[in-house]
$ cat protein.cif   # mmCIF, C-alpha atoms (C1' of nucleotides)
data_coords
#
loop_
_atom_site.group_PDB
_atom_site.id
_atom_site.type_symbol
_atom_site.label_atom_id
_atom_site.label_comp_id
_atom_site.auth_asym_id
_atom_site.auth_seq_id
_atom_site.Cartn_x
_atom_site.Cartn_y
_atom_site.Cartn_z
ATOM 1 C CA MET A 26 15.328 30.435 -238.803
ATOM 2 C CA LEU A 27 15.243 27.108 -236.995
ATOM 3 C CA LYS A 28 19.005 26.803 -237.465
ATOM 4 C CA HIS A 29 19.330 29.995 -235.400
ATOM 5 C CA THR A 30 16.964 28.889 -232.656
ATOM 6 C CA PHE A 31 18.013 27.935 -229.121
ATOM 7 C CA CYS A 32 14.874 28.662 -227.096
ATOM 8 C CA HIS A 33 13.445 25.210 -227.812
ATOM 9 C CA ILE A 34 16.102 23.678 -225.567
ATOM 10 C CA PRO A 35 15.041 23.010 -221.961
ATOM 11 C CA GLY A 36 16.612 25.590 -219.678
ATOM 12 C CA PHE A 37 17.201 27.990 -222.560
ATOM 13 C CA GLY A 38 14.705 30.838 -222.540
ATOM 14 C CA ALA A 39 14.444 34.055 -224.459
ATOM 15 C CA GLY A 40 17.168 35.722 -222.384
ATOM 16 C CA THR A 41 19.797 33.032 -222.845
ATOM 17 C CA GLU A 42 19.101 32.820 -226.553
ATOM 18 C CA ARG A 43 19.499 36.552 -226.956
ATOM 19 C CA SER A 44 22.808 36.561 -225.089
ATOM 20 C CA LEU A 45 24.093 33.780 -227.336
ATOM 21 C CA TRP A 46 23.090 35.783 -230.389
ATOM 22 C CA GLN A 47 24.758 38.902 -229.044
ATOM 23 C CA ALA A 48 27.950 36.955 -228.367
ATOM 24 C CA GLY A 49 28.101 36.320 -232.105
ATOM 25 C CA LEU A 50 26.742 32.789 -231.854
ATOM 26 C CA HIS A 51 23.966 33.198 -234.382
ATOM 27 C CA GLY A 52 23.362 29.620 -235.416
ATOM 28 C CA TRP A 53 23.832 25.973 -234.591
ATOM 29 C CA ASP A 54 27.055 25.749 -236.614
ATOM 30 C CA ASP A 55 28.674 28.490 -234.532
ATOM 31 C CA ILE A 56 28.196 26.480 -231.344
ATOM 32 C CA PHE A 57 30.538 23.703 -232.425
ATOM 33 C CA ASN A 58 33.234 26.052 -233.687
ATOM 34 C CA GLN A 59 33.397 28.154 -230.537
ATOM 35 C CA PRO A 60 35.796 26.553 -227.973
ATOM 36 C CA ASN A 61 34.575 28.225 -224.767
ATOM 37 C CA LEU A 62 30.926 29.164 -224.661
ATOM 38 C CA PRO A 63 29.563 31.713 -222.173
ATOM 39 C CA LEU A 64 27.734 28.909 -220.351
ATOM 40 C CA SER A 65 28.214 26.511 -217.474
ATOM 41 C CA SER A 66 29.483 23.077 -218.455
ATOM 42 C CA LYS A 67 26.124 21.516 -217.623
ATOM 43 C CA LYS A 68 24.241 23.932 -219.883
ATOM 44 C CA GLU A 69 26.863 23.458 -222.566
ATOM 45 C CA ALA A 70 26.264 19.713 -222.506
ATOM 46 C CA THR A 71 22.491 20.022 -222.912
ATOM 47 C CA LEU A 72 23.070 22.603 -225.639
ATOM 48 C CA HIS A 73 25.352 20.308 -227.599
ATOM 49 C CA SER A 74 23.123 17.269 -227.351
ATOM 50 C CA HIS A 75 19.978 19.182 -228.248
ATOM 51 C CA ILE A 76 21.609 20.836 -231.246
ATOM 52 C CA ARG A 77 22.828 17.500 -232.560
ATOM 53 C CA GLU A 78 19.290 16.207 -232.185
ATOM 54 C CA SER A 79 17.863 19.350 -233.784
ATOM 55 C CA ILE A 80 20.115 19.002 -236.836
ATOM 56 C CA ALA A 81 18.925 15.435 -237.315
ATOM 57 C CA GLN A 82 15.267 16.304 -236.820
ATOM 58 C CA LEU A 83 15.446 19.218 -239.245
ATOM 59 C CA GLN A 84 17.196 17.008 -241.763
ATOM 60 C CA ALA A 85 14.372 14.497 -241.372
ATOM 61 C CA GLY A 86 11.791 17.221 -241.861
ATOM 62 C CA ASN A 87 10.204 16.503 -238.503
ATOM 63 C CA GLY A 88 8.321 19.653 -237.605
ATOM 64 C CA ASP A 89 6.585 17.980 -234.679
ATOM 65 C CA TYR A 90 9.869 17.887 -232.790
ATOM 66 C CA PHE A 91 10.288 21.654 -232.899
ATOM 67 C CA TYR A 92 6.570 22.352 -232.528
ATOM 68 C CA GLY A 93 6.550 20.390 -229.293
ATOM 69 C CA LEU A 94 9.534 22.177 -227.808
ATOM 70 C CA LEU A 95 9.126 25.759 -228.989
ATOM 71 C CA PRO A 96 7.323 28.238 -226.745
ATOM 72 C CA SER A 97 3.941 28.947 -228.288
ATOM 73 C CA ASP A 98 4.881 32.520 -229.108
ATOM 74 C CA GLN A 99 7.799 31.288 -231.229
ATOM 75 C CA GLN A 100 6.001 28.823 -233.509
ATOM 76 C CA TRP A 101 6.290 31.325 -236.383
ATOM 77 C CA ARG A 102 9.912 30.188 -236.711
ATOM 78 C CA LEU A 103 8.772 26.979 -238.403
ATOM 79 C CA PHE A 104 7.530 28.813 -241.463
ATOM 80 C CA PRO A 105 10.524 28.979 -243.833
ATOM 81 C CA ALA A 106 11.682 25.418 -243.191
ATOM 82 C CA PHE A 107 8.260 24.019 -244.119
ATOM 83 C CA ARG A 108 7.072 26.620 -246.567
ATOM 84 C CA ASP A 109 7.072 24.144 -249.469
ATOM 85 C CA GLN A 110 4.678 21.923 -247.498
ATOM 86 C CA VAL A 111 2.389 24.552 -245.984
ATOM 87 C CA ALA A 112 -1.386 24.651 -246.241
ATOM 88 C CA TYR A 113 -3.263 27.910 -245.717
ATOM 89 C CA PHE A 114 -6.889 27.114 -245.017
ATOM 90 C CA ASP A 115 -10.162 28.678 -243.948
ATOM 91 C CA ILE A 116 -13.690 27.332 -243.537
ATOM 92 C CA GLU A 117 -17.126 28.881 -243.855
ATOM 93 C CA THR A 118 -20.017 27.540 -241.796
ATOM 94 C CA THR A 119 -23.681 28.173 -241.083
ATOM 95 C CA GLY A 120 -22.832 29.612 -237.665
ATOM 96 C CA LEU A 121 -20.395 29.821 -234.791
ATOM 97 C CA GLY A 122 -20.848 26.335 -233.455
ATOM 98 C CA ASP A 123 -24.369 25.385 -232.459
ATOM 99 C CA PRO A 124 -24.778 21.607 -232.746
ATOM 100 C CA SER A 125 -26.872 22.108 -235.887
ATOM 101 C CA ASP A 126 -24.199 24.187 -237.630
ATOM 102 C CA TYR A 127 -22.193 22.653 -240.416
ATOM 103 C CA ILE A 128 -19.310 23.500 -242.753
ATOM 104 C CA THR A 129 -20.466 25.009 -246.044
ATOM 105 C CA THR A 130 -17.183 25.592 -247.888
ATOM 106 C CA ILE A 131 -13.442 25.254 -247.346
ATOM 107 C CA VAL A 132 -10.582 26.737 -249.343
ATOM 108 C CA LEU A 133 -7.064 25.326 -249.177
ATOM 109 C CA TYR A 134 -4.089 27.164 -250.689
ATOM 110 C CA ASP A 135 -0.524 25.872 -250.693
ATOM 111 C CA GLY A 136 1.228 28.839 -252.295
ATOM 112 C CA ARG A 137 0.664 27.480 -255.784
ATOM 113 C CA GLN A 138 -2.787 26.008 -256.128
ATOM 114 C CA VAL A 139 -6.202 27.021 -254.779
ATOM 115 C CA ARG A 140 -8.532 24.147 -254.006
ATOM 116 C CA SER A 141 -12.127 24.498 -252.860
ATOM 117 C CA TYR A 142 -14.521 22.135 -251.108
ATOM 118 C CA VAL A 143 -18.294 22.503 -251.040
ATOM 119 C CA SER A 144 -20.850 20.838 -248.808
ATOM 120 C CA GLY A 145 -22.896 18.355 -250.785
ATOM 121 C CA GLN A 146 -20.196 18.034 -253.453
ATOM 122 C CA ASN A 147 -16.645 17.246 -252.334
ATOM 123 C CA LEU A 148 -16.332 18.500 -248.763
ATOM 124 C CA GLY A 149 -15.072 15.177 -247.459
ATOM 125 C CA ASP A 150 -12.056 15.266 -249.784
ATOM 126 C CA PHE A 151 -10.554 17.961 -247.611
ATOM 127 C CA ALA A 152 -9.706 15.419 -244.899
ATOM 128 C CA ARG A 153 -7.543 13.476 -247.335
ATOM 129 C CA ASP A 154 -5.962 16.493 -249.064
ATOM 130 C CA ILE A 155 -4.960 18.371 -245.928
ATOM 131 C CA ALA A 156 -3.118 15.337 -244.598
ATOM 132 C CA ASP A 157 -0.450 15.788 -247.304
ATOM 133 C CA TYR A 158 0.845 18.976 -245.699
ATOM 134 C CA ARG A 159 3.271 19.341 -242.831
ATOM 135 C CA LEU A 160 2.406 22.836 -241.612
ATOM 136 C CA LEU A 161 -0.944 24.575 -241.259
ATOM 137 C CA VAL A 162 -1.466 28.335 -241.334
ATOM 138 C CA SER A 163 -4.781 29.955 -240.452
ATOM 139 C CA TYR A 164 -6.330 32.911 -238.684
ATOM 140 C CA ASN A 165 -7.984 31.887 -235.410
ATOM 141 C CA GLY A 166 -8.011 28.385 -236.829
ATOM 142 C CA LYS A 167 -6.743 26.769 -233.643
ATOM 143 C CA THR A 168 -9.894 27.837 -231.854
ATOM 144 C CA PHE A 169 -12.482 27.774 -234.636
ATOM 145 C CA ASP A 170 -11.586 26.067 -237.922
ATOM 146 C CA ALA A 171 -9.534 23.084 -236.755
ATOM 147 C CA PRO A 172 -11.954 21.910 -234.007
ATOM 148 C CA PHE A 173 -14.867 22.365 -236.439
ATOM 149 C CA VAL A 174 -13.124 20.260 -239.097
ATOM 150 C CA ARG A 175 -12.215 17.579 -236.570
ATOM 151 C CA ARG A 176 -15.791 17.372 -235.354
ATOM 152 C CA CYS A 177 -17.529 17.430 -238.754
ATOM 153 C CA LEU A 178 -15.014 15.728 -241.054
ATOM 154 C CA GLY A 179 -13.030 13.568 -238.663
ATOM 155 C CA ALA A 180 -9.688 14.829 -239.954
ATOM 156 C CA PRO A 181 -7.038 14.837 -237.232
ATOM 157 C CA LEU A 182 -5.311 18.085 -238.310
ATOM 158 C CA ASP A 183 -2.456 17.197 -236.006
ATOM 159 C CA GLN A 184 0.279 18.964 -237.945
ATOM 160 C CA PRO A 185 2.158 21.932 -236.498
ATOM 161 C CA HIS A 186 -0.160 24.912 -236.851
ATOM 162 C CA ILE A 187 0.710 28.601 -236.938
ATOM 163 C CA ASP A 188 -2.302 30.691 -235.968
ATOM 164 C CA LEU A 189 -1.717 34.184 -237.340
ATOM 165 C CA ARG A 190 -4.148 35.664 -234.878
ATOM 166 C CA TYR A 191 -1.544 35.358 -232.141
ATOM 167 C CA VAL A 192 1.495 36.206 -234.245
ATOM 168 C CA LEU A 193 -0.135 39.383 -235.548
ATOM 169 C CA GLY A 194 -1.553 40.144 -232.118
ATOM 170 C CA SER A 195 1.922 40.063 -230.592
ATOM 171 C CA LEU A 196 2.955 42.619 -233.222
ATOM 172 C CA GLY A 197 0.090 44.932 -232.226
ATOM 173 C CA TYR A 198 -2.304 43.981 -235.023
ATOM 174 C CA ARG A 199 -5.694 43.091 -233.533
ATOM 175 C CA GLY A 200 -9.332 43.347 -234.441
ATOM 176 C CA GLY A 201 -9.774 40.266 -236.564
ATOM 177 C CA LEU A 202 -8.501 39.214 -239.959
ATOM 178 C CA LYS A 203 -10.108 42.114 -241.811
ATOM 179 C CA GLY A 204 -8.793 44.572 -239.261
ATOM 180 C CA CYS A 205 -5.248 43.251 -239.642
ATOM 181 C CA GLU A 206 -5.468 43.364 -243.436
ATOM 182 C CA GLN A 207 -6.639 46.951 -243.266
ATOM 183 C CA GLN A 208 -3.836 47.996 -240.924
ATOM 184 C CA LEU A 209 -1.281 46.351 -243.194
ATOM 185 C CA GLY A 210 -2.719 47.791 -246.402
ATOM 186 C CA ILE A 211 -3.804 44.504 -247.966
ATOM 187 C CA PRO A 212 -6.701 45.138 -250.369
ATOM 188 C CA ARG A 213 -9.912 43.112 -250.759
ATOM 189 C CA GLN A 214 -11.052 44.401 -254.115
ATOM 190 C CA GLY A 215 -14.832 44.193 -254.420
ATOM 191 C CA LEU A 216 -15.250 42.092 -251.305
ATOM 192 C CA GLU A 217 -14.461 44.608 -248.578
ATOM 193 C CA ASP A 218 -17.926 44.562 -247.011
ATOM 194 C CA ILE A 219 -18.389 40.806 -246.852
ATOM 195 C CA ASP A 220 -17.787 39.078 -243.542
ATOM 196 C CA GLY A 221 -18.483 35.717 -242.014
ATOM 197 C CA SER A 222 -22.114 36.398 -241.250
ATOM 198 C CA PHE A 223 -22.717 37.550 -244.818
ATOM 199 C CA ALA A 224 -21.145 34.299 -245.965
ATOM 200 C CA ILE A 225 -24.030 32.500 -244.257
ATOM 201 C CA LEU A 226 -26.528 34.540 -246.289
ATOM 202 C CA LEU A 227 -24.650 33.678 -249.486
ATOM 203 C CA TRP A 228 -24.823 29.989 -248.639
ATOM 204 C CA HIS A 229 -28.572 30.072 -248.049
ATOM 205 C CA ASP A 230 -29.078 32.017 -251.255
ATOM 206 C CA TYR A 231 -27.137 29.317 -253.085
ATOM 207 C CA GLN A 232 -29.349 26.687 -251.432
ATOM 208 C CA ARG A 233 -32.376 28.486 -252.888
ATOM 209 C CA GLY A 234 -30.911 28.031 -256.362
ATOM 210 C CA ASN A 235 -28.597 30.987 -257.018
ATOM 211 C CA ALA A 236 -25.375 29.470 -258.362
ATOM 212 C CA LYS A 237 -23.695 32.876 -258.408
ATOM 213 C CA ALA A 238 -24.081 33.095 -254.652
ATOM 214 C CA LEU A 239 -21.800 30.081 -254.299
ATOM 215 C CA ASP A 240 -19.216 31.672 -256.609
ATOM 216 C CA THR A 241 -19.360 34.806 -254.497
ATOM 217 C CA LEU A 242 -18.966 32.794 -251.296
ATOM 218 C CA LEU A 243 -15.984 30.912 -252.714
ATOM 219 C CA ALA A 244 -14.414 34.147 -253.950
ATOM 220 C CA TYR A 245 -14.657 35.537 -250.424
ATOM 221 C CA ASN A 246 -13.379 32.307 -248.916
ATOM 222 C CA ALA A 247 -10.463 32.098 -251.366
ATOM 223 C CA LEU A 248 -9.455 35.723 -250.890
ATOM 224 C CA ASP A 249 -9.150 35.190 -247.142
ATOM 225 C CA VAL A 250 -6.909 32.195 -247.692
ATOM 226 C CA ILE A 251 -4.709 33.808 -250.330
ATOM 227 C CA ASN A 252 -4.212 36.794 -248.061
ATOM 228 C CA LEU A 253 -3.058 34.452 -245.289
ATOM 229 C CA GLU A 254 0.172 33.896 -247.192
ATOM 230 C CA ILE A 255 0.856 37.625 -247.432
ATOM 231 C CA LEU A 256 0.070 38.053 -243.749
ATOM 232 C CA MET A 257 2.330 35.134 -242.846
ATOM 233 C CA VAL A 258 5.288 36.615 -244.745
ATOM 234 C CA LEU A 259 4.712 40.095 -243.326
ATOM 235 C CA ALA A 260 4.394 38.718 -239.804
ATOM 236 C CA TYR A 261 7.477 36.549 -240.230
ATOM 237 C CA ASN A 262 9.580 39.473 -241.403
ATOM 238 C CA ALA A 263 8.284 41.650 -238.581
ATOM 239 C CA LYS A 264 9.141 39.029 -235.971
ATOM 240 C CA LEU A 265 12.578 38.593 -237.518
ATOM 241 C CA ALA A 266 13.169 42.319 -237.353
ATOM 242 C CA LYS A 267 12.805 42.132 -233.571
ATOM 243 C CA THR A 268 15.793 39.794 -233.314
ATOM 244 C CA PRO A 269 19.440 40.854 -233.604
ATOM 245 C CA LEU A 270 19.894 38.480 -236.523
ATOM 246 C CA GLY A 271 20.715 40.063 -239.848
ATOM 247 C CA LEU A 272 18.167 41.102 -242.415
ATOM 248 C CA GLU A 273 19.436 38.434 -244.794
ATOM 249 C CA HIS A 274 16.684 36.053 -243.722
ATOM 250 C CA HIS A 275 13.835 38.338 -244.703
ATOM 251 C CA LEU A 276 11.379 36.819 -247.149
ATOM 252 C CA PRO A 277 10.121 38.596 -250.260
ATOM 253 C CA LEU A 278 6.407 39.230 -250.535
ATOM 254 C CA PRO A 279 4.634 36.506 -252.507
ATOM 255 C CA THR A 280 2.768 37.202 -255.695
ATOM 256 C CA SER A 281 -0.836 36.204 -255.215
ATOM 257 C CA PRO A 282 -2.722 34.136 -257.745
ATOM 258 C CA SER A 283 -5.821 35.632 -259.296
ATOM 259 C CA LEU A 284 -9.089 34.590 -257.715
ATOM 260 C CA PRO A 285 -10.454 31.457 -259.390
ATOM 261 C CA PHE A 286 -14.016 32.601 -258.555
ATOM 262 C CA ALA A 287 -15.948 35.690 -259.522
ATOM 263 C CA ALA A 288 -18.018 37.563 -256.978
ATOM 264 C CA ASP A 289 -21.432 38.634 -258.210
ATOM 265 C CA GLN A 290 -22.125 42.225 -257.210
ATOM 266 C CA ASP A 291 -25.833 41.958 -258.019
ATOM 267 C CA THR A 292 -26.224 39.094 -255.555
ATOM 268 C CA ILE A 293 -24.309 41.041 -252.927
ATOM 269 C CA GLN A 294 -26.466 44.134 -253.421
ATOM 270 C CA ARG A 295 -29.715 42.167 -253.335
ATOM 271 C CA LEU A 296 -28.831 40.288 -250.148
ATOM 272 C CA ARG A 297 -27.691 43.501 -248.557
ATOM 273 C CA SER A 298 -30.963 45.246 -249.151
ATOM 274 C CA GLN A 299 -33.000 42.177 -248.213
ATOM 275 C CA HIS A 300 -31.288 42.003 -244.845
ATOM 276 C CA GLY A 301 -31.040 45.711 -244.176
ATOM 277 C CA TRP A 302 -28.302 48.195 -244.961
ATOM 278 C CA SER A 303 -27.481 48.971 -241.337
ATOM 279 C CA SER A 304 -25.342 46.006 -240.452
ATOM 280 C CA TYR A 305 -23.715 45.547 -243.813
ATOM 281 C "C1'" DC B 2 31.537 20.748 -199.218
ATOM 282 C "C1'" DC B 3 27.545 23.568 -197.881
ATOM 283 C "C1'" DT B 4 24.583 27.528 -197.992
ATOM 284 C "C1'" DC B 5 22.900 31.737 -199.844
ATOM 285 C "C1'" DG B 6 21.382 35.283 -203.234
ATOM 286 C "C1'" DG B 7 20.440 36.582 -207.815
ATOM 287 C "C1'" DC B 8 18.716 35.505 -211.917
ATOM 288 C "C1'" DA B 9 16.313 32.987 -215.533
ATOM 289 C "C1'" DT B 10 13.077 29.537 -216.399
ATOM 290 C "C1'" DC B 11 9.044 27.007 -215.450
ATOM 291 C "C1'" DT B 12 4.177 26.642 -213.441
ATOM 292 C "C1'" DT B 13 -0.176 28.280 -212.051
ATOM 293 C "C1'" DT B 14 -4.078 31.208 -212.336
ATOM 294 C "C1'" DA B 15 -7.052 34.523 -214.288
ATOM 295 C "C1'" DT B 16 -8.518 37.060 -218.205
ATOM 296 C "C1'" DG B 17 -9.168 38.066 -223.130
ATOM 297 C "C1'" DT B 18 -10.399 37.176 -227.797
ATOM 298 C "C1'" DA B 19 -11.793 35.732 -232.562
ATOM 299 C "C1'" DG B 20 -14.020 32.594 -235.727
ATOM 300 C "C1'" DT B 21 -19.449 32.004 -238.654
ATOM 301 C "C1'" DA C 8 -23.172 31.265 -226.027
ATOM 302 C "C1'" DC C 9 -19.195 28.641 -227.219
ATOM 303 C "C1'" DT C 10 -14.690 26.915 -227.609
ATOM 304 C "C1'" DA C 11 -9.944 26.333 -226.842
ATOM 305 C "C1'" DC C 12 -6.338 28.752 -227.761
ATOM 306 C "C1'" DA C 13 -3.274 32.565 -226.261
ATOM 307 C "C1'" DT C 14 -1.020 36.209 -223.131
ATOM 308 C "C1'" DA C 15 -0.147 38.442 -218.675
ATOM 309 C "C1'" DA C 16 0.724 38.502 -213.981
ATOM 310 C "C1'" DA C 17 2.261 36.396 -210.032
ATOM 311 C "C1'" DG C 18 4.482 32.740 -207.521
ATOM 312 C "C1'" DA C 19 7.548 28.614 -207.314
ATOM 313 C "C1'" DT C 20 11.510 26.166 -208.779
ATOM 314 C "C1'" DG C 21 16.067 25.462 -209.872
ATOM 315 C "C1'" DC C 22 20.609 26.585 -211.700
ATOM 316 C "C1'" DC C 23 25.087 28.675 -210.865
ATOM 317 C "C1'" DG C 24 28.707 31.152 -208.924
ATOM 318 C "C1'" DA C 25 30.410 33.434 -204.625
ATOM 319 C "C1'" DG C 26 31.767 33.124 -200.157
ATOM 320 C "C1'" DG C 27 32.305 30.959 -195.828
#
$ encode --input "protein.cif" --output "structure tokens"
Amino acid sequence: MLKHTFCHIPGFGAGTERSLWQAGLHGWDDIFNQPNLPLSSKKEATLHSHIRESIAQLQAGNGDYFYGLLPSDQQWRLFPAFRDQVAYFDIETTGLGDPSDYITTIVLYDGRQVRSYVSGQNLGDFARDIADYRLLVSYNGKTFDAPFVRRCLGAPLDQPHIDLRYVLGSLGYRGGLKGCEQQLGIPRQGLEDIDGSFAILLWHDYQRGNAKALDTLLAYNALDVINLEILMVLAYNAKLAKTPLGLEHHLPLPTSPSLPFAADQDTIQRLRSQHGWSSY
DNA sequence: CCTCGGCATCTTTATGTAGT
DNA sequence: ACTACATAAAGATGCCGAGG
């Protein structure tokens, strides 16, 4: 998709890009073959120089270049070029950000492998592991997860970052991660009633000695992260469908790995009744 | 050349929202 | 209550071609 992108060039907005597309100039290669472009000579010069630069930067795998130039509502275009170096991630904490709050668990998924990090065990390893990836994907992670990780773990998390909250929101899907999943028909087998506040209860139950509560928490955490990949592909295809480019660039839905953790229904039921049925 | 009008892009401001 | 990201609306800038 980057090879079909022009709106990262200064002076080239959504309108100019669309008119180029509709003139049959779908990609960077077409620009050099076409003798007379529907542009002024000044714009043509900036177009040529920026496309030469873009080809080199893409070849070098430099996502920062495009991330810095793309309008924020077009960052989703980075996905296919960096899909083999993408990290889907999500954190659980003891609260929304009081100074006393801390990260309890993190799950990182790269499309192949699920890795988990637990406070008191290996949480700090996340800072090293996440640095190996060149694109981050999260839900509301730009506002919540990434600042929390920077503050508590000192990881820079300075890679390009696609926050699905805004991509899905621009497609009309709002109401949080669970709401989006529901609207798009993505199941959460056995974990449909667990949310972030219940995750706090699971953590405290684990602290009191219930090992199955941690498994349940990690199952919930991992399911969120695995579903991020499905959401990313669905959102990407939906954004693509709004362009006049062909359908040939659509991505197939990924096959999700099975959850490496088992939720314990007895623990869920007990915590539910202990804390009242009304809110859960 | 110079100015003007139309259009697209860029900037500024205010408002909204989701995470545990 | 918080945070820091986004969009939306409104205003400013600047490019480009037409016409004098």
$ residues_around --input "protein.cif" --residues "range 6-12 of chain B" --least-positions-apart "2" --cutoff "9 Å" --atoms "all atoms listed in the file" --output "list of chain:residue names"
A:Pro35, A:Gly36, A:Phe37, A:Gly38, A:Gly40, A:Thr41, C:DG18, C:DA19, C:DT20, C:DG21, C:DC22
$ interface_residues --input "protein.cif" --of "chain A" --to "chain C" --cutoff "7 Å" --atoms "all atoms listed in the file" --output "count of residues only"
4
$ atom_distance --input "protein.cif" --atom1 "CA of Met26 in chain A" --atom2 "CA of Pro63 in chain A"
21.9 Å
$ closest_residue --input "protein.cif" --among "A:Phe223, A:Thr280, A:Gln232, A:Gln110" --to "Gln299 in chain A" --atoms "all atoms listed in the file"
A:Phe223
$ atom_distance --input "protein.cif" --atom1 "CA of Asn147 in chain A" --atom2 "CA of Ser125 in chain A"
20.0 Å
$ atom_distance --input "protein.cif" --atom1 "CA of Val174 in chain A" --atom2 "CA of Tyr142 in chain A"
12.2 Å
$ residues_around --input "protein.cif" --residues "DT18 in chain B" --least-positions-apart "6" --cutoff "10 Å" --atoms "all atoms listed in the file" --output "list in words"
Asn165, Arg190, Arg199, Gly200 and Gly201 of chain A; DC12 and DA13 of chain C
$ interface_residues --input "protein.cif" --of "chain A" --to "chain B" --cutoff "6 Å" --atoms "only C-alpha atoms (C1' of nucleotides)" --output "PyMOL selection string"
chain A and resi 118+120-121+169+221-222
$ resolve_selection --input "protein.cif" --expression "the PyMOL selection byres ((chain A and resi 215) around 10)" --output "PDB file with C-alpha atoms, in the coordinates of the input"
ATOM      1  CA  PRO A 212      -6.701  45.138-250.369  1.00  0.00           C
ATOM      2  CA  ARG A 213      -9.912  43.112-250.759  1.00  0.00           C
ATOM      3  CA  GLN A 214     -11.052  44.401-254.115  1.00  0.00           C
ATOM      4  CA  LEU A 216     -15.250  42.092-251.305  1.00  0.00           C
ATOM      5  CA  GLU A 217     -14.461  44.608-248.578  1.00  0.00           C
ATOM      6  CA  ASP A 218     -17.926  44.562-247.011  1.00  0.00           C
ATOM      7  CA  ILE A 219     -18.389  40.806-246.852  1.00  0.00           C
ATOM      8  CA  TYR A 245     -14.657  35.537-250.424  1.00  0.00           C
ATOM      9  CA  ALA A 287     -15.948  35.690-259.522  1.00  0.00           C
ATOM     10  CA  ALA A 288     -18.018  37.563-256.978  1.00  0.00           C
ATOM     11  CA  ASP A 289     -21.432  38.634-258.210  1.00  0.00           C
ATOM     12  CA  GLN A 290     -22.125  42.225-257.210  1.00  0.00           C
TER      13      GLN A 290
END
$ closest_residue --input "protein.cif" --among "A:Pro124, A:Pro105, A:Gly197, A:Pro185" --to "Pro277 in chain A" --atoms "only C-alpha atoms"
A:Pro105
$ resolve_selection --input "protein.cif" --expression "the PyMOL selection byres ((chain A and resi 192) around 9)" --output "ChimeraX atom specification"
/A:98-101,187-191,193-196,198,257,260-261,264
$ axis_aligned_box --input "protein.cif" --around "range 262-277 of chain A" --padding-each-side "6 Å" --output "AutoDock Vina command-line options"
--center_x 14.5 --center_y 39.2 --center_z -241.8 --size_x 24.4 --size_y 18.3 --size_z 28.9
$ residues_around --input "protein.cif" --residues "Ser144 in chain A" --least-positions-apart "4" --cutoff "12 Å" --atoms "all atoms listed in the file" --output "list in words"
Ile116, Glu117, Thr118, Thr119, Tyr127, Ile128, Thr129, Thr130, Ile131, Val132, Leu148, Gly149, Asp150, Phe151, Cys177, Leu178, Trp228, Tyr231, Gln232, Leu239 and Leu243 of chain A
$ closest_residue --input "protein.cif" --among "A:Leu94, A:Asp123, A:Gln138, A:Asn87" --to "Arg159 in chain A" --atoms "all atoms listed in the file"
A:Asn87
$ resolve_selection --input "protein.cif" --expression "the PyMOL selection byres ((chain A and resi 42-46) around 12)" --output "PyMOL selection string"
(chain A and resi 29-41+47-53+55-56+59+62-64+69+72+267-271) or (chain B and resi 9)
$ decode --input "protein.cif" --residues "range 230-260 of chain A" --atoms "C-alpha atoms" --output "PDB file, in the first residue's frame"
ATOM      1  CA  ASP A 230      -6.831 -13.305  43.655  1.00  0.00           C
ATOM      2  CA  TYR A 231      -3.563 -14.597  42.222  1.00  0.00           C
ATOM      3  CA  GLN A 232      -1.677 -12.546  44.826  1.00  0.00           C
ATOM      4  CA  ARG A 233      -3.676 -14.348  47.524  1.00  0.00           C
ATOM      5  CA  GLY A 234      -2.374 -17.662  46.201  1.00  0.00           C
ATOM      6  CA  ASN A 235      -4.735 -18.788  43.429  1.00  0.00           C
ATOM      7  CA  ALA A 236      -2.483 -19.787  40.527  1.00  0.00           C
ATOM      8  CA  LYS A 237      -5.494 -20.403  38.296  1.00  0.00           C
ATOM      9  CA  ALA A 238      -6.434 -16.752  38.592  1.00  0.00           C
ATOM     10  CA  LEU A 239      -3.188 -15.834  36.849  1.00  0.00           C
ATOM     11  CA  ASP A 240      -3.889 -18.342  34.063  1.00  0.00           C
ATOM     12  CA  THR A 241      -7.324 -16.818  33.648  1.00  0.00           C
ATOM     13  CA  LEU A 242      -5.871 -13.307  33.558  1.00  0.00           C
ATOM     14  CA  LEU A 243      -3.293 -14.319  30.957  1.00  0.00           C
ATOM     15  CA  ALA A 244      -5.947 -16.078  28.878  1.00  0.00           C
ATOM     16  CA  TYR A 245      -7.958 -12.856  28.836  1.00  0.00           C
ATOM     17  CA  ASN A 246      -4.876 -10.781  28.104  1.00  0.00           C
ATOM     18  CA  ALA A 247      -3.750 -13.105  25.297  1.00  0.00           C
ATOM     19  CA  LEU A 248      -7.179 -13.257  23.685  1.00  0.00           C
ATOM     20  CA  ASP A 249      -7.271  -9.469  23.427  1.00  0.00           C
ATOM     21  CA  VAL A 250      -3.892  -9.445  21.731  1.00  0.00           C
ATOM     22  CA  ILE A 251      -4.620 -12.287  19.324  1.00  0.00           C
ATOM     23  CA  ASN A 252      -7.831 -10.570  18.300  1.00  0.00           C
ATOM     24  CA  LEU A 253      -5.855  -7.410  17.523  1.00  0.00           C
ATOM     25  CA  GLU A 254      -4.435  -9.129  14.459  1.00  0.00           C
ATOM     26  CA  ILE A 255      -7.893 -10.010  13.157  1.00  0.00           C
ATOM     27  CA  LEU A 256      -9.090  -6.473  13.812  1.00  0.00           C
ATOM     28  CA  MET A 257      -6.037  -5.032  12.067  1.00  0.00           C
ATOM     29  CA  VAL A 258      -6.639  -7.110   8.925  1.00  0.00           C
ATOM     30  CA  LEU A 259     -10.362  -6.336   8.887  1.00  0.00           C
ATOM     31  CA  ALA A 260      -9.701  -2.633   9.387  1.00  0.00           C
TER      32      ALA A 260
END
